[in-house]
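This is run01.txt (compact mmCIF, C-alpha atoms and all ligand atoms).
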```txt
# COMPACT_ATOMS: atom_id res chain seq x y z
CA MET A 63 90.56 119.26 111.24
CA ASN A 64 89.92 116.31 113.56
CA PRO A 65 92.47 113.59 114.27
CA LEU A 66 91.58 110.27 112.61
CA VAL A 67 92.59 108.21 115.63
CA ASN A 68 92.90 109.01 119.28
CA LYS A 69 96.43 109.92 120.32
CA ASP A 70 96.39 107.14 122.92
CA VAL A 71 95.89 104.46 120.21
CA PHE A 72 99.40 105.31 118.99
CA PRO A 73 101.07 106.30 122.26
CA GLY A 74 104.14 107.72 120.48
CA SER A 75 102.08 110.20 118.51
CA GLY A 76 101.45 112.35 121.59
CA ARG A 77 105.17 112.70 122.31
CA SER A 78 106.26 114.47 119.13
CA ALA A 79 105.04 115.85 115.85
CA TYR A 80 105.91 112.60 114.14
CA LEU A 81 106.05 113.34 110.39
CA ASN A 82 108.36 110.53 109.33
CA THR A 83 106.28 107.50 108.40
CA ALA A 84 108.04 107.26 105.02
CA SER A 85 111.04 106.27 107.13
CA ILE A 86 109.63 104.28 110.09
CA ALA A 87 106.04 104.28 111.38
CA LEU A 88 104.78 104.50 114.92
CA ILE A 89 103.10 101.30 116.09
CA CYS A 90 99.67 101.14 117.71
CA ARG A 91 99.26 99.96 121.30
CA ASP A 92 97.29 96.88 120.23
CA ALA A 93 99.93 95.59 117.83
CA LEU A 94 102.71 96.22 120.32
CA SER A 95 100.97 94.31 123.10
CA ALA A 96 100.13 91.40 120.76
CA MET A 97 103.83 91.09 119.90
CA GLU A 98 104.94 91.40 123.50
CA ARG A 99 102.45 88.77 124.66
CA TRP A 100 103.53 86.32 121.95
CA GLN A 101 107.24 86.86 122.58
CA HIS A 102 106.76 86.47 126.32
CA GLU A 103 104.85 83.21 125.90
CA LEU A 104 107.50 81.83 123.55
CA ALA A 105 110.32 82.77 125.91
CA GLU A 106 108.63 80.96 128.79
CA SER A 107 107.04 77.95 127.06
CA GLY A 108 108.85 77.40 123.75
CA THR A 109 107.27 74.59 121.72
CA LEU A 110 104.76 73.91 124.49
CA SER A 111 102.90 77.02 123.37
CA PHE A 112 104.31 77.46 119.86
CA ASP A 113 104.09 73.90 118.52
CA GLU A 114 104.45 72.66 114.95
CA ALA A 115 100.79 73.22 114.13
CA ALA A 116 101.00 76.77 115.45
CA GLU A 117 104.13 77.45 113.39
CA ALA A 118 102.48 76.10 110.23
CA THR A 119 99.49 78.43 110.63
CA VAL A 120 101.23 81.44 112.17
CA PHE A 121 100.85 83.60 109.02
CA ASP A 122 97.15 82.85 108.47
CA PRO A 123 95.76 86.00 110.16
CA LEU A 124 98.27 88.21 108.35
CA ARG A 125 97.63 86.67 104.92
CA GLU A 126 93.90 87.05 105.50
CA ALA A 127 94.16 90.72 106.56
CA ALA A 128 96.61 91.49 103.74
CA GLY A 129 94.25 89.90 101.22
CA ARG A 130 91.47 92.22 102.39
CA LEU A 131 93.84 95.18 102.21
CA PHE A 132 94.66 94.57 98.53
CA ASN A 133 91.36 93.01 97.39
CA ALA A 134 93.02 89.62 96.98
CA ARG A 135 92.48 86.18 98.51
CA ALA A 136 94.52 85.03 101.49
CA GLU A 137 96.17 82.40 99.27
CA ASP A 138 97.42 85.17 96.97
CA MET A 139 99.51 86.54 99.84
CA ALA A 140 102.92 85.51 101.18
CA VAL A 141 104.85 86.71 104.21
CA GLY A 142 108.58 87.40 104.30
CA SER A 143 111.08 89.18 106.51
CA ASN A 144 111.63 92.27 104.38
CA ALA A 145 110.76 93.67 100.98
CA THR A 146 114.32 93.23 99.74
CA GLU A 147 114.29 89.47 100.31
CA LEU A 148 110.92 89.02 98.58
CA LEU A 149 111.93 91.15 95.59
CA ALA A 150 115.21 89.25 95.31
CA SER A 151 113.37 85.95 95.31
CA VAL A 152 111.04 87.23 92.56
CA ALA A 153 113.93 88.62 90.50
CA TRP A 154 115.77 85.28 90.51
CA ALA A 155 112.50 83.48 89.81
CA LEU A 156 111.87 85.57 86.70
CA MET A 157 115.49 85.80 85.59
CA PRO A 158 114.96 87.88 82.43
CA ALA A 159 116.81 86.45 79.39
CA PRO A 160 120.01 87.99 77.99
CA ASP A 161 118.13 89.77 75.19
CA ALA A 162 115.37 91.05 77.52
CA ASN A 163 115.13 94.36 79.34
CA ILE A 164 113.87 95.47 82.73
CA VAL A 165 112.30 98.90 83.16
CA SER A 166 112.26 101.14 86.23
CA THR A 167 113.08 104.75 87.19
CA SER A 168 116.35 106.50 88.01
CA VAL A 169 114.96 107.81 91.31
CA THR A 170 113.49 104.59 92.66
CA PHE A 171 114.61 103.24 96.04
CA PRO A 172 117.64 100.97 95.42
CA THR A 173 115.83 97.95 96.84
CA THR A 174 113.22 98.15 94.08
CA ILE A 175 115.72 97.66 91.29
CA TYR A 176 118.92 96.20 92.81
CA PRO A 177 117.61 92.61 92.83
CA PHE A 178 116.84 92.90 89.10
CA MET A 179 120.20 94.63 88.46
CA ARG A 180 121.93 91.72 90.15
CA VAL A 181 120.08 89.22 87.97
CA ALA A 182 120.75 91.34 84.88
CA ARG A 183 124.46 91.28 85.74
CA HIS A 184 124.21 87.49 85.78
CA THR A 185 122.25 87.03 82.55
CA GLY A 186 123.32 90.09 80.56
CA SER A 187 119.80 91.55 80.29
CA GLU A 188 119.45 95.31 80.05
CA VAL A 189 118.19 97.61 82.82
CA ARG A 190 116.43 100.73 81.52
CA LEU A 191 115.74 103.59 83.91
CA ALA A 192 113.39 106.46 83.09
CA GLN A 193 115.27 109.59 84.11
CA GLY A 194 113.75 111.63 86.93
CA ASN A 195 114.74 115.24 87.54
CA PRO A 196 114.76 114.08 90.61
CA ASP A 197 111.43 115.54 91.82
CA TYR A 198 109.50 114.02 88.98
CA VAL A 199 109.51 111.19 86.45
CA ARG A 200 107.28 111.83 83.46
CA PRO A 201 105.04 108.76 83.20
CA THR A 202 105.37 108.90 79.39
CA ASP A 203 109.17 108.62 79.74
CA LEU A 204 108.65 105.43 81.74
CA LEU A 205 106.08 103.99 79.33
CA ASP A 206 108.25 104.83 76.30
CA LEU A 207 110.98 102.49 77.60
CA ILE A 208 108.68 99.48 77.45
CA ASP A 209 108.96 97.48 74.22
CA GLU A 210 108.49 93.93 72.94
CA ARG A 211 111.76 92.88 74.63
CA THR A 212 110.64 94.10 78.05
CA SER A 213 110.31 91.24 80.47
CA VAL A 214 109.62 93.16 83.69
CA VAL A 215 108.52 96.65 84.70
CA CYS A 216 109.48 97.05 88.33
CA ILE A 217 108.56 100.33 89.98
CA SER A 218 107.90 101.84 93.36
CA HIS A 219 104.19 102.76 93.51
CA VAL A 220 105.21 105.93 95.35
CA GLU A 221 108.73 107.31 94.92
CA TYR A 222 110.35 107.45 98.35
CA ALA A 223 111.95 110.90 98.01
CA SER A 224 109.48 112.93 95.95
CA GLY A 225 106.27 111.12 96.90
CA GLN A 226 105.24 110.76 93.24
CA LEU A 227 102.38 108.27 92.92
CA PHE A 228 102.13 106.19 89.74
CA ASP A 229 98.91 105.04 88.08
CA LEU A 230 99.06 101.24 88.40
CA GLU A 231 96.20 100.58 86.00
CA LEU A 232 97.89 102.53 83.21
CA LEU A 233 101.26 100.91 83.88
CA ALA A 234 99.76 97.43 83.98
CA ARG A 235 97.90 97.98 80.74
CA VAL A 236 100.97 99.12 78.79
CA THR A 237 103.20 96.49 80.45
CA HIS A 238 100.80 93.68 79.55
CA GLU A 239 100.29 94.96 75.99
CA HIS A 240 103.99 94.24 75.55
CA GLY A 241 103.77 90.81 77.17
CA ALA A 242 105.76 91.86 80.25
CA LEU A 243 105.02 91.58 83.99
CA LEU A 244 104.40 94.49 86.36
CA ILE A 245 106.16 94.19 89.71
CA VAL A 246 105.18 96.87 92.23
CA ASP A 247 107.08 97.85 95.34
CA ALA A 248 104.28 99.28 97.49
CA THR A 249 106.44 99.94 100.55
CA GLN A 250 105.70 103.69 100.30
CA SER A 251 102.00 103.30 99.60
CA ALA A 252 100.46 100.19 101.22
CA GLY A 253 98.41 101.29 104.21
CA ALA A 254 98.14 104.89 103.01
CA VAL A 255 96.95 104.65 99.40
CA PRO A 256 94.05 102.41 98.32
CA ILE A 257 95.39 99.48 96.27
CA ASP A 258 93.21 97.00 94.40
CA VAL A 259 95.44 94.38 92.81
CA ALA A 260 92.49 92.84 90.94
CA ALA A 261 91.33 96.12 89.38
CA SER A 262 94.84 97.27 88.52
CA SER A 263 95.96 93.74 87.51
CA VAL A 264 99.49 93.98 88.87
CA ASP A 265 101.37 90.68 88.70
CA VAL A 266 103.45 90.93 91.86
CA LEU A 267 103.27 93.45 94.68
CA VAL A 268 105.69 93.59 97.58
CA THR A 269 105.60 95.83 100.62
CA SER A 270 107.59 96.17 103.77
CA GLY A 271 105.68 96.32 107.05
CA TYR A 272 107.37 99.08 109.03
CA LYS A 273 106.23 102.15 107.11
CA TRP A 274 102.62 103.03 106.17
CA LEU A 275 101.30 99.68 107.43
CA CYS A 276 102.45 100.70 110.92
CA GLY A 277 104.09 97.36 111.62
CA PRO A 278 107.47 96.50 113.11
CA PHE A 279 110.79 95.72 111.41
CA GLY A 280 111.18 92.11 110.31
CA VAL A 281 108.08 91.45 108.24
CA ALA A 282 106.96 92.11 104.67
CA LEU A 283 104.14 91.03 102.37
CA MET A 284 103.88 89.84 98.83
CA TYR A 285 100.92 89.48 96.48
CA LEU A 286 101.39 86.96 93.69
CA ALA A 287 98.79 86.94 90.93
CA PRO A 288 97.01 83.58 90.54
CA HIS A 289 98.45 83.01 87.03
CA LEU A 290 101.96 82.86 88.54
CA GLN A 291 101.19 80.66 91.54
CA GLY A 292 101.74 77.32 89.84
CA THR A 293 104.76 78.26 87.75
CA LEU A 294 107.04 80.82 89.36
CA ASP A 295 109.95 79.08 91.08
CA PRO A 296 111.19 81.28 93.97
CA GLY A 297 114.83 82.31 93.91
CA ILE A 298 115.10 81.72 97.66
CA VAL A 299 113.82 78.42 99.07
CA GLY A 300 114.00 76.58 102.38
CA PHE A 301 112.12 73.98 104.42
CA ARG A 302 109.04 76.19 104.65
CA SER A 303 108.80 76.33 100.84
CA HIS A 304 107.43 72.77 100.73
CA ASP A 305 103.63 72.48 100.60
CA ASP A 306 103.68 70.74 103.99
CA MET A 307 106.50 72.45 105.85
CA TRP A 308 106.81 69.51 108.27
CA ASP A 309 107.33 66.99 105.47
CA LEU A 310 111.08 67.45 106.02
CA ASN A 311 112.05 65.12 103.19
CA PRO A 312 115.09 66.60 101.47
CA SER A 313 114.65 64.38 98.41
CA ARG A 314 111.57 66.31 97.25
CA MET A 315 110.58 69.94 97.10
CA GLU A 316 106.89 70.32 96.30
CA LEU A 317 105.88 73.95 96.27
CA PRO A 318 102.24 74.86 96.95
CA ASP A 319 100.19 76.38 94.13
CA ALA A 320 99.78 79.53 96.17
CA ALA A 321 101.73 82.69 96.94
CA ARG A 322 103.14 81.05 100.07
CA ARG A 323 105.58 79.16 97.81
CA PHE A 324 107.65 82.33 98.40
CA GLU A 325 107.75 81.73 102.18
CA CYS A 326 110.99 79.94 102.83
CA SER A 327 111.86 79.62 106.51
CA THR A 328 111.52 80.77 110.09
CA MET A 329 111.45 84.49 110.79
CA ALA A 330 110.79 86.95 113.58
CA TYR A 331 107.26 85.53 113.87
CA SER A 332 106.19 88.08 116.46
CA ALA A 333 106.63 90.72 113.75
CA ALA A 334 104.04 88.93 111.60
CA ILE A 335 101.67 88.79 114.57
CA GLY A 336 102.10 92.52 115.18
CA LEU A 337 101.65 93.40 111.51
CA ALA A 338 98.43 91.38 111.31
CA ARG A 339 97.02 93.47 114.14
CA SER A 340 98.22 96.72 112.53
CA VAL A 341 96.68 95.88 109.16
CA GLU A 342 93.40 94.91 110.83
CA HIS A 343 93.44 98.25 112.62
CA LEU A 344 94.03 100.20 109.40
CA LEU A 345 91.22 98.26 107.72
CA GLU A 346 88.84 99.13 110.57
CA ILE A 347 89.53 102.82 109.90
CA GLY A 348 89.50 102.43 106.08
CA ILE A 349 92.36 103.10 103.66
CA ALA A 350 90.30 105.59 101.62
CA GLU A 351 89.66 107.56 104.84
CA ILE A 352 93.35 107.43 105.74
CA PHE A 353 94.31 108.60 102.25
CA ALA A 354 91.91 111.56 102.41
CA HIS A 355 93.05 112.49 105.94
CA ASN A 356 96.73 112.28 105.00
CA ARG A 357 96.20 114.34 101.84
CA SER A 358 94.47 117.08 103.86
CA LEU A 359 97.46 117.21 106.19
CA ALA A 360 99.79 117.34 103.17
CA ASP A 361 97.75 120.24 101.73
CA LEU A 362 98.08 122.18 105.00
CA LEU A 363 101.78 121.53 105.00
CA ILE A 364 102.19 122.56 101.36
CA ASP A 365 100.38 125.88 101.98
CA GLY A 366 102.53 126.58 105.04
CA LEU A 367 105.76 125.64 103.30
CA ARG A 368 104.95 127.74 100.22
CA ALA A 369 104.19 130.71 102.47
CA ARG A 370 107.73 130.29 103.82
CA GLY A 371 109.29 130.32 100.36
CA ALA A 372 110.03 126.60 100.11
CA GLU A 373 110.31 124.99 96.67
CA LEU A 374 108.03 121.99 96.21
CA ALA A 375 108.00 119.55 93.29
CA PRO A 376 106.16 121.80 90.80
CA GLU A 377 105.31 119.12 88.24
CA LEU A 378 103.41 116.77 90.57
CA LYS A 379 99.79 116.76 89.49
CA ASN A 380 96.93 116.26 91.90
CA GLY A 381 96.46 112.55 91.09
CA GLU A 382 100.18 111.96 91.54
CA ARG A 383 100.39 113.08 95.15
CA CYS A 384 100.11 111.19 98.41
CA SER A 385 101.14 112.62 101.78
CA ILE A 386 104.90 112.66 101.26
CA VAL A 387 105.92 116.30 100.87
CA SER A 388 109.51 117.13 100.04
CA ALA A 389 110.64 120.73 100.33
CA ARG A 390 113.77 122.58 99.29
CA PHE A 391 114.65 125.73 101.20
CA VAL A 392 116.87 128.07 99.20
CA GLY A 393 119.95 129.05 101.19
CA CYS A 394 119.24 126.48 103.88
CA ASP A 395 120.90 123.09 104.08
CA ALA A 396 118.33 120.26 104.23
CA LYS A 397 120.40 118.26 106.72
CA ASP A 398 120.74 121.26 109.06
CA LEU A 399 117.04 121.97 108.98
CA ALA A 400 116.14 118.29 109.49
CA ARG A 401 118.56 118.15 112.44
CA HIS A 402 116.94 121.23 113.98
CA LEU A 403 113.44 119.81 113.52
CA ASN A 404 114.34 116.40 114.95
CA ALA A 405 116.09 118.02 117.91
CA HIS A 406 112.82 119.84 118.64
CA ARG A 407 110.76 116.67 118.32
CA VAL A 408 109.45 117.22 114.83
CA ALA A 409 110.44 113.97 113.14
CA VAL A 410 111.42 114.31 109.46
CA SER A 411 114.18 113.01 107.16
CA PRO A 412 116.59 114.82 104.88
CA ARG A 413 116.75 113.24 101.42
CA GLY A 414 119.40 114.81 99.19
CA ASP A 415 118.71 118.55 99.14
CA VAL A 416 115.13 118.26 100.38
CA VAL A 417 113.51 117.78 103.76
CA ARG A 418 110.89 115.04 103.55
CA PHE A 419 107.70 115.27 105.63
CA SER A 420 105.39 112.25 105.70
CA PRO A 421 102.25 112.57 107.88
CA HIS A 422 100.03 109.55 108.52
CA LEU A 423 96.76 108.70 110.24
CA TYR A 424 98.01 109.49 113.76
CA ASN A 425 98.90 113.09 112.85
CA ASP A 426 96.64 116.11 113.05
CA ALA A 427 96.72 119.77 112.07
CA ALA A 428 98.51 120.66 115.32
CA ASP A 429 101.47 118.51 114.24
CA ILE A 430 101.70 120.44 110.97
CA GLU A 431 101.57 123.76 112.84
CA ARG A 432 104.32 122.56 115.19
CA ALA A 433 106.52 121.71 112.20
CA LEU A 434 105.90 125.09 110.54
CA ASP A 435 106.57 126.97 113.80
CA GLU A 436 109.82 125.10 114.24
CA ILE A 437 110.86 125.94 110.66
CA ASP A 438 110.25 129.62 111.54
CA ARG A 439 112.44 129.29 114.60
CA HIS A 440 115.30 127.70 112.67
CA GLY A 441 118.08 130.20 112.21
CA ASP A 442 116.47 132.80 114.55
C1 LIG B 1 110.28 101.93 98.19
C2 LIG B 1 111.02 101.15 99.23
N1 LIG B 1 111.18 99.83 99.08
C3 LIG B 1 111.82 99.07 99.99
C4 LIG B 1 112.37 99.65 101.11
C5 LIG B 1 113.13 98.79 102.09
O1 LIG B 1 112.34 97.69 102.45
P1 LIG B 1 112.95 96.56 103.42
O2 LIG B 1 113.69 97.28 104.51
O3 LIG B 1 111.78 95.80 103.91
O4 LIG B 1 113.85 95.70 102.60
C6 LIG B 1 112.25 101.04 101.31
C7 LIG B 1 112.85 101.68 102.49
O5 LIG B 1 112.92 102.87 102.63
C8 LIG B 1 111.55 101.80 100.36
O6 LIG B 1 111.38 103.11 100.50
```
Mind turning this structure into structure tokens?
Amino acid sequence: MNPLVNKDVFPGSGRSAYLNTASIALICRDALSAMERWQHELAESGTLSFDEAAEATVFDPLREAAGRLFNARAEDMAVGSNATELLASVAWALMPAPDANIVSTSVTFPTTIYPFMRVARHTGSEVRLAQGNPDYVRPTDLLDLIDERTSVVCISHVEYASGQLFDLELLARVTHEHGALLIVDATQSAGAVPIDVAASSVDVLVTSGYKWLCGPFGVALMYLAPHLQGTLDPGIVGFRSHDDMWDLNPSRMELPDAARRFECSTMAYSAAIGLARSVEHLLEIGIAEIFAHNRSLADLLIDGLRARGAELAPELKNGERCSIVSARFVGCDAKDLARHLNAHRVAVSPRGDVVRFSPHLYNDAADIERALDEIDRHGD
């Protein structure tokens, strides 16, 4: 099986068997040098190079690339500092009523649901979580929680620990039939799983930049469906929220009729510059190609792990898998094994009683073999 990208495009990928993108991605050489160049220029010239016009348009390349990534327009995209902040702003914007409910899963990443839990604490609305076992959440259990009082269904497209992938079209259909909105946290899927926000008709999608999009810390993206762009009042606002950010008139706050109404202030701008380059790079390769490559690596890994007696989420069906593979080794502590693997430069994460492997485009079959060999050596 051939590598999808040359090892020197992602310099870090030649230094380890890096199977931990679900935690933090490696960054490509291009994105890193774009960030370094920008930061260097700013440090030496300040506003002489980064003037007000440059600051007002600094997100344009990223919004444009992100629009192409999700089959949306650039004006449907907003840039923030992290997924948590964007989800919090959306949760306060929607503020479900006291008699409303919010639906998610019991195994979702806390960030996906905490902002809504916080709002629910404020308003008295109900949070309903479909119970996972924890390797699997039955989609019907999730759908059964949605009723005419549901205001928001907020899920992680891919569950961070098990790797379970949800069908967005199905979820959107049932959510909309009940008059609710579908909010998707795509932090564990964007960049690795094809996403078409128009075809799946999600209402809001948020993703962090430092996982499958191969960006740095400090930047995140949000898609806001056109029908919400003139009405949804962000929970977090600042001088950049105004349609013309340099208006600087505190007596008025005119939000643009575009997703960027959720952009509120300054941020680590170099991160946005780096992420734009990373997303462009992923698009040049093709997300469908990346998905197929990653799934092949996951299949190799699954065969090798099964041959070694590991327990893998048995209920995950083919269409519910991405490249996150979580394995339980009977009689072997997940933290111990993860420590051993990391010490031998096979990067993985322990999550509860499983070891999570998460290969991405810069991995190849040799990385999987390295991981399996190292598992064999553990406890020798
Ligand atoms: C599904 C999911 N959402 C959000 C986050 C955190 O995003 P951020 O650090 O940008 O707030 C994580 C981190 O692991 C995650 O797995």
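Nearest to ligand LIG 1 (chain B) of all the residues A:Ile175, A:Val214, A:Ala134, A:Ala261 is A:Ile175, counting only C-alpha atoms and all ligand atoms.
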Nearest to Met97 (chain A), chosen from A:Asn404, A:Leu337, A:Ser358, A:Glu436, with all atoms listed in the file counted in the distances
A:Leu337
List the neighbours of region 304-306 of chain A out to 8 Å using all atoms listed in the file; skip same-chain residues closer than 6 positions along the sequence, and give me the result as a PyMOL selection string.
chain A and resi 315-318+323
Go through the chains and note each residue within 8 Å of ligand LIG 1 (chain B), using all atoms listed in the file, then give the set as a PyMOL selection string.
chain A and resi 84-85+143-147+170-174+218-222+247-250+269-272+279-282
Contacts between region 111-128 of chain A and region 230-294 of chain A, please, where a residue of region 230-294 of chain A counts if it comes within 10 Å (with all atoms listed in the file); show its shortest atom pair and distance in Å to one decimal, rows by chain and ascending number, as CSV.
```
residue,atom,partner,partner_atom,distance
A:Ala252,CA,A:Ala128,CA,9.8
A:Gly253,CA,A:Ala128,CA,10.0
A:Leu283,CA,A:Ala128,CA,7.7
A:Met284,CA,A:Ala128,CA,8.9
A:Tyr285,CA,A:Ala128,CA,8.7
```
Could you list, as an MDAnalysis selection string, every residue within 7 Å of region 153-167 of chain A, counting all atoms listed in the file and ignoring same-chain residues fewer than 2 positions away?
chainID A and resid 149:151 169:170 177:178 181 185:194 207:208 211:217 294:297
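The smallest atom-to-atom distance between Asn68 (chain A) and any of A:Val417, A:Ile347, A:Cys394, A:Leu290, using only C-alpha atoms, is found for A:Ile347.
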